[in-house]
file model-v5.tsv (TSV, C-alpha atoms)
chain	number	residue	atom	x	y	z
V	1	MET	CA	132.61	100.93	-58.37
V	2	GLN	CA	131.88	102.79	-55.11
V	3	ALA	CA	131.05	106.48	-55.67
V	4	THR	CA	134.09	107.89	-53.81
V	5	ALA	CA	136.47	105.41	-55.42
V	6	GLN	CA	134.96	106.17	-58.82
V	7	LEU	CA	135.37	109.91	-58.29
V	8	ASP	CA	138.97	109.48	-57.10
V	9	PHE	CA	139.75	107.31	-60.12
V	10	PHE	CA	138.33	109.81	-62.60
V	11	SER	CA	139.88	112.90	-61.00
V	12	LYS	CA	143.35	111.30	-60.74
V	13	THR	CA	143.18	109.91	-64.26
V	14	ILE	CA	142.02	113.21	-65.77
V	15	THR	CA	144.75	115.15	-63.94
V	16	ARG	CA	147.44	112.67	-65.01
V	17	VAL	CA	146.29	112.78	-68.64
V	18	VAL	CA	146.35	116.61	-68.72
V	19	GLN	CA	149.76	116.74	-67.03
V	20	SER	CA	151.16	114.34	-69.62
V	21	ARG	CA	149.46	116.37	-72.39
V	22	GLU	CA	147.64	113.32	-73.78
V	23	TYR	CA	144.56	115.42	-74.55
V	24	SER	CA	143.03	112.91	-76.97
V	25	GLU	CA	142.52	110.59	-73.98
V	26	LEU	CA	140.18	113.11	-72.34
V	27	GLU	CA	137.38	112.40	-74.81
V	28	VAL	CA	137.65	108.70	-73.92
V	29	ILE	CA	137.41	109.54	-70.22
V	30	MET	CA	134.39	111.78	-70.84
V	31	ARG	CA	132.78	108.89	-72.73
V	32	ASP	CA	133.42	106.67	-69.71
V	33	VAL	CA	131.81	109.29	-67.44
V	34	PHE	CA	128.80	109.48	-69.76
V	35	LEU	CA	128.42	105.69	-69.61
V	36	GLN	CA	127.82	105.97	-65.86
V	37	GLU	CA	124.27	106.15	-64.53
V	38	ASN	CA	125.31	109.05	-62.27
V	39	LYS	CA	127.10	111.08	-64.98
V	40	ILE	CA	125.71	114.46	-63.88
V	41	VAL	CA	126.67	113.80	-60.25
V	42	LEU	CA	130.17	112.84	-61.41
V	43	LEU	CA	130.47	115.99	-63.54
V	44	ALA	CA	129.39	118.16	-60.59
V	45	GLU	CA	131.86	116.44	-58.24
V	46	LEU	CA	134.68	116.67	-60.77
V	47	SER	CA	133.89	120.37	-61.29
V	48	ASP	CA	134.56	120.85	-57.60
V	49	ARG	CA	137.77	118.76	-57.52
V	50	LEU	CA	139.72	119.56	-60.68
V	51	THR	CA	141.97	122.59	-61.05
V	52	SER	CA	140.80	125.22	-63.52
V	53	THR	CA	143.23	124.20	-66.26
V	54	VAL	CA	142.45	120.50	-65.90
V	55	PHE	CA	138.69	121.14	-65.76
V	56	THR	CA	138.81	123.28	-68.92
V	57	ALA	CA	140.86	120.69	-70.81
V	58	PHE	CA	138.50	117.90	-69.72
V	59	PHE	CA	135.33	119.77	-70.69
V	60	LEU	CA	136.72	121.05	-74.00
V	61	CYS	CA	138.05	117.65	-75.05
V	62	GLY	CA	134.76	116.08	-73.97
V	63	LEU	CA	132.66	118.50	-76.03
V	64	PRO	CA	131.18	115.81	-78.29
V	65	TYR	CA	129.47	114.37	-75.20
V	66	LEU	CA	128.63	117.70	-73.55
V	67	LEU	CA	126.99	118.91	-76.76
V	68	GLY	CA	124.59	115.98	-76.55
V	69	MET	CA	123.48	116.91	-73.03
V	70	PRO	CA	120.04	118.52	-72.93
V	71	VAL	CA	119.83	121.94	-71.27
V	72	ASP	CA	117.88	120.35	-68.39
V	73	GLU	CA	120.96	118.29	-67.53
V	74	TYR	CA	123.01	121.49	-67.35
V	75	ARG	CA	120.37	122.83	-64.92
V	76	HIS	CA	120.76	119.65	-62.90
V	77	LEU	CA	124.54	120.13	-62.95
V	78	TYR	CA	124.05	123.61	-61.46
V	79	GLN	CA	121.60	122.26	-58.85
V	80	LEU	CA	124.11	119.65	-57.75
V	81	SER	CA	126.80	122.34	-57.56
V	82	LYS	CA	124.69	124.66	-55.39
V	83	GLY	CA	126.70	125.89	-52.42
V	84	ARG	CA	129.98	124.68	-53.93
V	85	GLY	CA	131.75	127.84	-54.95
V	86	ILE	CA	134.48	126.11	-56.93
V	87	ALA	CA	132.06	124.03	-59.01
V	88	ILE	CA	129.80	127.01	-59.72
V	89	TYR	CA	132.86	129.07	-60.69
V	90	GLN	CA	134.30	126.36	-62.97
V	91	ILE	CA	131.03	125.66	-64.78
V	92	THR	CA	130.10	129.33	-65.14
V	93	ARG	CA	133.57	130.35	-66.32
V	94	PHE	CA	133.51	127.55	-68.91
V	95	LEU	CA	130.06	128.58	-70.18
V	96	ILE	CA	130.94	132.30	-70.32
V	97	ILE	CA	134.32	131.93	-72.00
V	98	HIS	CA	133.81	128.96	-74.30
V	99	ALA	CA	130.03	128.88	-74.86
V	100	GLY	CA	129.45	132.64	-74.82
V	101	ALA	CA	126.66	132.26	-72.22
V	102	ARG	CA	125.43	135.52	-70.74
V	103	LYS	CA	123.08	136.70	-67.99
V	104	GLN	CA	119.78	135.50	-69.44
V	105	VAL	CA	121.06	131.99	-70.14
V	106	LEU	CA	122.89	131.67	-66.83
V	107	GLN	CA	119.79	132.82	-64.92
V	108	SER	CA	117.77	130.11	-66.64
V	109	LEU	CA	120.32	127.45	-65.66
V	110	CYS	CA	121.22	128.39	-62.10
V	111	SER	CA	118.55	128.35	-59.40
V	112	GLU	CA	120.82	130.38	-57.10
V	113	TYR	CA	121.86	133.05	-59.57
V	114	SER	CA	123.29	135.13	-56.70
V	115	GLU	CA	126.17	132.61	-56.53
V	116	ILE	CA	127.20	133.74	-60.01
V	117	GLN	CA	126.56	137.44	-59.39
V	118	ASN	CA	128.84	137.37	-56.36
V	119	VAL	CA	131.88	136.51	-58.50
V	120	ASP	CA	133.32	139.92	-59.48
V	121	GLN	CA	135.16	138.45	-62.46
V	122	PHE	CA	131.83	137.58	-64.12
V	123	ASN	CA	130.10	140.96	-63.66
V	124	PRO	CA	131.19	142.53	-66.98
V	125	TYR	CA	129.75	139.56	-68.85
V	126	LEU	CA	126.54	139.42	-66.84
V	127	GLU	CA	125.44	143.03	-67.13
V	128	GLU	CA	126.08	143.55	-70.83
V	129	ALA	CA	126.75	141.55	-73.94
V	130	LYS	CA	130.43	142.35	-73.67
V	131	PRO	CA	132.64	140.22	-75.92
V	132	LEU	CA	135.74	138.52	-74.61
V	133	PRO	CA	138.76	140.83	-74.49
V	134	PRO	CA	141.19	140.26	-77.41
V	135	ASN	CA	143.82	138.66	-75.15
V	136	GLU	CA	141.24	136.20	-73.75
V	137	LYS	CA	140.00	135.41	-77.26
V	138	ASN	CA	143.57	134.78	-78.44
V	139	MET	CA	144.18	132.53	-75.44
V	140	CYS	CA	141.06	130.52	-76.30
V	141	GLU	CA	142.24	130.07	-79.88
V	142	LEU	CA	145.61	128.76	-78.64
V	143	ILE	CA	143.86	126.38	-76.24
V	144	TYR	CA	141.57	125.07	-79.00
V	145	ARG	CA	144.60	124.50	-81.21
V	146	ASP	CA	146.56	122.69	-78.48
V	147	TYR	CA	143.60	120.49	-77.49
V	148	LYS	CA	142.60	119.98	-81.15
V	149	ILE	CA	139.08	121.32	-80.60
V	150	SER	CA	137.19	121.83	-83.84
V	151	ALA	CA	135.75	125.23	-84.66
V	152	GLU	CA	132.52	123.42	-85.53
V	153	ASN	CA	132.16	122.08	-81.98
V	154	ILE	CA	132.84	125.52	-80.47
V	155	LEU	CA	130.21	127.06	-82.75
V	156	ARG	CA	127.72	124.34	-81.78
V	157	LEU	CA	128.44	125.01	-78.10
V	158	LYS	CA	127.89	128.76	-78.58
V	159	GLU	CA	124.63	128.09	-80.43
V	160	LYS	CA	123.43	125.83	-77.61
V	161	PHE	CA	123.95	128.57	-75.02
V	162	SER	CA	123.06	131.66	-77.01
V	163	ALA	CA	120.29	133.79	-75.52
V	164	SER	CA	118.04	133.00	-78.47
V	165	GLY	CA	118.90	129.28	-78.54
call {"tool": "encode", "arguments": {"input": "model-v5.tsv", "output": "structure tokens"}}
result
Amino acid sequence: MQATAQLDFFSKTITRVVQSREYSELEVIMRDVFLQENKIVLLAELSDRLTSTVFTAFFLCGLPYLLGMPVDEYRHLYQLSKGRGIAIYQITRFLIIHAGARKQVLQSLCSEYSEIQNVDQFNPYLEEAKPLPPNEKNMCELIYRDYKISAENILRLKEKFSASG
């Protein structure tokens, strides 16, 4: 499949699946992305194309595959997203909110850390080990319930991106 056609197919399919609330299908789509030779390129491109809600649903429902990605592939994902504000924002927001990643970890992943520092919304999480506000934490719990995300997978994700991990 040609790269642009492949990207269009995945982005339209993911968006349709989220809109129809068929969240269990997202893990199947993530598996299909991971079967591609250019999976990291696809993830970077999709990060730039999908709306925030769709991106979050896709990444959360695809956690079994994302958990298997080595940290170097996350670095590569950031490198491919360099200069793409939306992709950097989506990936960083996901890692801060759902993986608990903070300044030290994000600096090790992103070669252009200034792209993250320039997003005002992230500053409280970058300068101190500030926990998520209670309303954000409650929202995450509702999202995990709706998408049927296991607490075990969330804990594994947090361990993967903890400062000591």
call {"tool": "atom_distance", "arguments": {"input": "model-v5.tsv", "atom1": "atom CA of V:Lys12", "atom2": "atom CA of V:Asn38"}}
result
18.2 Å
call {"tool": "residues_around", "arguments": {"input": "model-v5.tsv", "residues": "V:Asp72", "least_positions_apart": "6", "cutoff": "12 Å", "atoms": "only C-alpha atoms", "output": "ChimeraX atom specification"}}
result
/V:40,78-79,108-110
call {"tool": "closest_residue", "arguments": {"input": "model-v5.tsv", "among": "V:Lys158, V:Phe55, V:Ile29, V:Ile97", "to": "V:Asn138", "atoms": "all atoms listed in the file"}}
result
V:Ile97
call {"tool": "residues_around", "arguments": {"input": "model-v5.tsv", "residues": "stretch 48-52 of chain V", "least_positions_apart": "2", "cutoff": "6 Å", "atoms": "only C-alpha atoms", "output": "count of residues only"}}
result
6
call {"tool": "atom_distance", "arguments": {"input": "model-v5.tsv", "atom1": "atom CA of V:Val17", "atom2": "atom CA of V:Phe58"}}
result
9.4 Å
call {"tool": "closest_residue", "arguments": {"input": "model-v5.tsv", "among": "V:Leu106, V:Ala99, V:Pro131, V:Tyr23", "to": "V:Ala151", "atoms": "all atoms listed in the file"}}
result
V:Ala99
call {"tool": "closest_residue", "arguments": {"input": "model-v5.tsv", "among": "V:Leu42, V:Ser162, V:Leu77, V:Gln107", "to": "V:Ala5", "atoms": "only C-alpha atoms"}}
result
V:Leu42
call {"tool": "closest_residue", "arguments": {"input": "model-v5.tsv", "among": "V:Phe59, V:Tyr74, V:Phe122, V:Tyr65", "to": "V:Tyr89", "atoms": "only C-alpha atoms"}}
result
V:Phe122
call {"tool": "closest_residue", "arguments": {"input": "model-v5.tsv", "among": "V:Val33, V:Ala57, V:Leu132, V:Met139", "to": "V:Gln19", "atoms": "all atoms listed in the file"}}
result
V:Ala57
call {"tool": "closest_residue", "arguments": {"input": "model-v5.tsv", "among": "V:Leu35, V:Ser150, V:Thr53, V:Leu43", "to": "V:Thr15", "atoms": "only C-alpha atoms"}}
result
V:Thr53
call {"tool": "atom_distance", "arguments": {"input": "model-v5.tsv", "atom1": "atom CA of V:Pro70", "atom2": "atom CA of V:Ile154"}}
result
16.4 Å
call {"tool": "residues_around", "arguments": {"input": "model-v5.tsv", "residues": "V:Arg156", "least_positions_apart": "4", "cutoff": "12 Å", "atoms": "only C-alpha atoms", "output": "PDB file with C-alpha atoms, in the coordinates of the input"}}
result
ATOM      1  CA  LEU V  63     132.660 118.500 -76.030  1.00  0.00           C
ATOM      2  CA  PRO V  64     131.180 115.810 -78.290  1.00  0.00           C
ATOM      3  CA  LEU V  66     128.630 117.700 -73.550  1.00  0.00           C
ATOM      4  CA  LEU V  67     126.990 118.910 -76.760  1.00  0.00           C
ATOM      5  CA  GLY V  68     124.590 115.980 -76.550  1.00  0.00           C
ATOM      6  CA  HIS V  98     133.810 128.960 -74.300  1.00  0.00           C
ATOM      7  CA  ALA V  99     130.030 128.880 -74.860  1.00  0.00           C
ATOM      8  CA  GLY V 100     129.450 132.640 -74.820  1.00  0.00           C
ATOM      9  CA  ILE V 149     139.080 121.320 -80.600  1.00  0.00           C
ATOM     10  CA  SER V 150     137.190 121.830 -83.840  1.00  0.00           C
ATOM     11  CA  ALA V 151     135.750 125.230 -84.660  1.00  0.00           C
ATOM     12  CA  GLU V 152     132.520 123.420 -85.530  1.00  0.00           C
ATOM     13  CA  LYS V 160     123.430 125.830 -77.610  1.00  0.00           C
ATOM     14  CA  PHE V 161     123.950 128.570 -75.020  1.00  0.00           C
ATOM     15  CA  SER V 162     123.060 131.660 -77.010  1.00  0.00           C
ATOM     16  CA  GLY V 165     118.900 129.280 -78.540  1.00  0.00           C
TER      17      GLY V 165
END
call {"tool": "decode", "arguments": {"input": "model-v5.tsv", "residues": "stretch 48-78 of chain V", "atoms": "N, CA and C atoms", "output": "PDB file, in the first residue's frame"}}
result
ATOM      1  N   ASP V  48       0.063  13.380  14.160  1.00  0.00           N
ATOM      2  CA  ASP V  48      -0.104  14.710  13.589  1.00  0.00           C
ATOM      3  C   ASP V  48      -1.481  14.896  12.944  1.00  0.00           C
ATOM      4  N   ARG V  49      -2.153  13.803  12.623  1.00  0.00           N
ATOM      5  CA  ARG V  49      -3.422  13.862  11.888  1.00  0.00           C
ATOM      6  C   ARG V  49      -4.668  13.690  12.737  1.00  0.00           C
ATOM      7  N   LEU V  50      -4.579  12.888  13.776  1.00  0.00           N
ATOM      8  CA  LEU V  50      -5.767  12.549  14.564  1.00  0.00           C
ATOM      9  C   LEU V  50      -6.095  13.645  15.565  1.00  0.00           C
ATOM     10  N   THR V  51      -7.383  13.829  15.832  1.00  0.00           N
ATOM     11  CA  THR V  51      -7.780  14.777  16.874  1.00  0.00           C
ATOM     12  C   THR V  51      -7.323  14.222  18.217  1.00  0.00           C
ATOM     13  N   SER V  52      -7.283  15.062  19.217  1.00  0.00           N
ATOM     14  CA  SER V  52      -6.789  14.679  20.534  1.00  0.00           C
ATOM     15  C   SER V  52      -7.564  13.499  21.123  1.00  0.00           C
ATOM     16  N   THR V  53      -8.870  13.542  21.047  1.00  0.00           N
ATOM     17  CA  THR V  53      -9.694  12.471  21.604  1.00  0.00           C
ATOM     18  C   THR V  53      -9.467  11.160  20.865  1.00  0.00           C
ATOM     19  N   VAL V  54      -9.400  11.226  19.557  1.00  0.00           N
ATOM     20  CA  VAL V  54      -9.192  10.020  18.745  1.00  0.00           C
ATOM     21  C   VAL V  54      -7.793   9.461  18.989  1.00  0.00           C
ATOM     22  N   PHE V  55      -6.795  10.342  19.021  1.00  0.00           N
ATOM     23  CA  PHE V  55      -5.415   9.919  19.287  1.00  0.00           C
ATOM     24  C   PHE V  55      -5.324   9.203  20.636  1.00  0.00           C
ATOM     25  N   THR V  56      -5.901   9.808  21.677  1.00  0.00           N
ATOM     26  CA  THR V  56      -5.845   9.223  23.024  1.00  0.00           C
ATOM     27  C   THR V  56      -6.507   7.849  23.040  1.00  0.00           C
ATOM     28  N   ALA V  57      -7.679   7.741  22.435  1.00  0.00           N
ATOM     29  CA  ALA V  57      -8.373   6.451  22.387  1.00  0.00           C
ATOM     30  C   ALA V  57      -7.520   5.407  21.671  1.00  0.00           C
ATOM     31  N   PHE V  58      -6.944   5.789  20.542  1.00  0.00           N
ATOM     32  CA  PHE V  58      -6.121   4.870  19.761  1.00  0.00           C
ATOM     33  C   PHE V  58      -4.910   4.398  20.554  1.00  0.00           C
ATOM     34  N   PHE V  59      -4.186   5.318  21.171  1.00  0.00           N
ATOM     35  CA  PHE V  59      -2.993   4.949  21.917  1.00  0.00           C
ATOM     36  C   PHE V  59      -3.338   4.147  23.175  1.00  0.00           C
ATOM     37  N   LEU V  60      -4.398   4.520  23.876  1.00  0.00           N
ATOM     38  CA  LEU V  60      -4.771   3.764  25.078  1.00  0.00           C
ATOM     39  C   LEU V  60      -5.222   2.349  24.719  1.00  0.00           C
ATOM     40  N   CYS V  61      -6.046   2.221  23.709  1.00  0.00           N
ATOM     41  CA  CYS V  61      -6.533   0.897  23.322  1.00  0.00           C
ATOM     42  C   CYS V  61      -5.431   0.051  22.686  1.00  0.00           C
ATOM     43  N   GLY V  62      -4.398   0.701  22.185  1.00  0.00           N
ATOM     44  CA  GLY V  62      -3.261  -0.002  21.599  1.00  0.00           C
ATOM     45  C   GLY V  62      -2.122  -0.214  22.575  1.00  0.00           C
ATOM     46  N   LEU V  63      -2.372   0.012  23.866  1.00  0.00           N
ATOM     47  CA  LEU V  63      -1.310  -0.114  24.876  1.00  0.00           C
ATOM     48  C   LEU V  63      -0.555  -1.442  24.840  1.00  0.00           C
ATOM     49  N   PRO V  64      -1.207  -2.570  24.630  1.00  0.00           N
ATOM     50  CA  PRO V  64      -0.428  -3.816  24.605  1.00  0.00           C
ATOM     51  C   PRO V  64       0.736  -3.757  23.607  1.00  0.00           C
ATOM     52  N   TYR V  65       0.545  -3.074  22.503  1.00  0.00           N
ATOM     53  CA  TYR V  65       1.611  -2.954  21.497  1.00  0.00           C
ATOM     54  C   TYR V  65       2.599  -1.857  21.880  1.00  0.00           C
ATOM     55  N   LEU V  66       2.095  -0.747  22.378  1.00  0.00           N
ATOM     56  CA  LEU V  66       2.974   0.364  22.769  1.00  0.00           C
ATOM     57  C   LEU V  66       3.876  -0.024  23.935  1.00  0.00           C
ATOM     58  N   LEU V  67       3.374  -0.869  24.820  1.00  0.00           N
ATOM     59  CA  LEU V  67       4.192  -1.314  25.952  1.00  0.00           C
ATOM     60  C   LEU V  67       5.386  -2.143  25.495  1.00  0.00           C
ATOM     61  N   GLY V  68       5.244  -2.811  24.368  1.00  0.00           N
ATOM     62  CA  GLY V  68       6.341  -3.613  23.831  1.00  0.00           C
ATOM     63  C   GLY V  68       7.377  -2.815  23.072  1.00  0.00           C
ATOM     64  N   MET V  69       7.098  -1.536  22.822  1.00  0.00           N
ATOM     65  CA  MET V  69       8.058  -0.697  22.095  1.00  0.00           C
ATOM     66  C   MET V  69       9.224  -0.330  23.000  1.00  0.00           C
ATOM     67  N   PRO V  70      10.448  -0.540  22.545  1.00  0.00           N
ATOM     68  CA  PRO V  70      11.596  -0.096  23.340  1.00  0.00           C
ATOM     69  C   PRO V  70      11.635   1.439  23.418  1.00  0.00           C
ATOM     70  N   VAL V  71      12.264   1.958  24.436  1.00  0.00           N
ATOM     71  CA  VAL V  71      12.358   3.407  24.632  1.00  0.00           C
ATOM     72  C   VAL V  71      13.004   4.074  23.419  1.00  0.00           C
ATOM     73  N   ASP V  72      13.949   3.400  22.771  1.00  0.00           N
ATOM     74  CA  ASP V  72      14.590   3.969  21.578  1.00  0.00           C
ATOM     75  C   ASP V  72      13.577   4.237  20.469  1.00  0.00           C
ATOM     76  N   GLU V  73      12.538   3.419  20.377  1.00  0.00           N
ATOM     77  CA  GLU V  73      11.511   3.664  19.358  1.00  0.00           C
ATOM     78  C   GLU V  73      10.664   4.886  19.724  1.00  0.00           C
ATOM     79  N   TYR V  74      10.490   5.151  21.001  1.00  0.00           N
ATOM     80  CA  TYR V  74       9.805   6.376  21.418  1.00  0.00           C
ATOM     81  C   TYR V  74      10.661   7.598  21.063  1.00  0.00           C
ATOM     82  N   ARG V  75      11.981   7.460  21.231  1.00  0.00           N
ATOM     83  CA  ARG V  75      12.890   8.546  20.808  1.00  0.00           C
ATOM     84  C   ARG V  75      12.756   8.786  19.308  1.00  0.00           C
ATOM     85  N   HIS V  76      12.704   7.711  18.551  1.00  0.00           N
ATOM     86  CA  HIS V  76      12.553   7.813  17.105  1.00  0.00           C
ATOM     87  C   HIS V  76      11.218   8.476  16.758  1.00  0.00           C
ATOM     88  N   LEU V  77      10.178   8.144  17.495  1.00  0.00           N
ATOM     89  CA  LEU V  77       8.867   8.763  17.298  1.00  0.00           C
ATOM     90  C   LEU V  77       8.959  10.277  17.501  1.00  0.00           C
ATOM     91  N   TYR V  78       9.669  10.694  18.532  1.00  0.00           N
ATOM     92  CA  TYR V  78       9.872  12.136  18.762  1.00  0.00           C
ATOM     93  C   TYR V  78      10.706  12.759  17.640  1.00  0.00           C
TER      94      TYR V  78
END
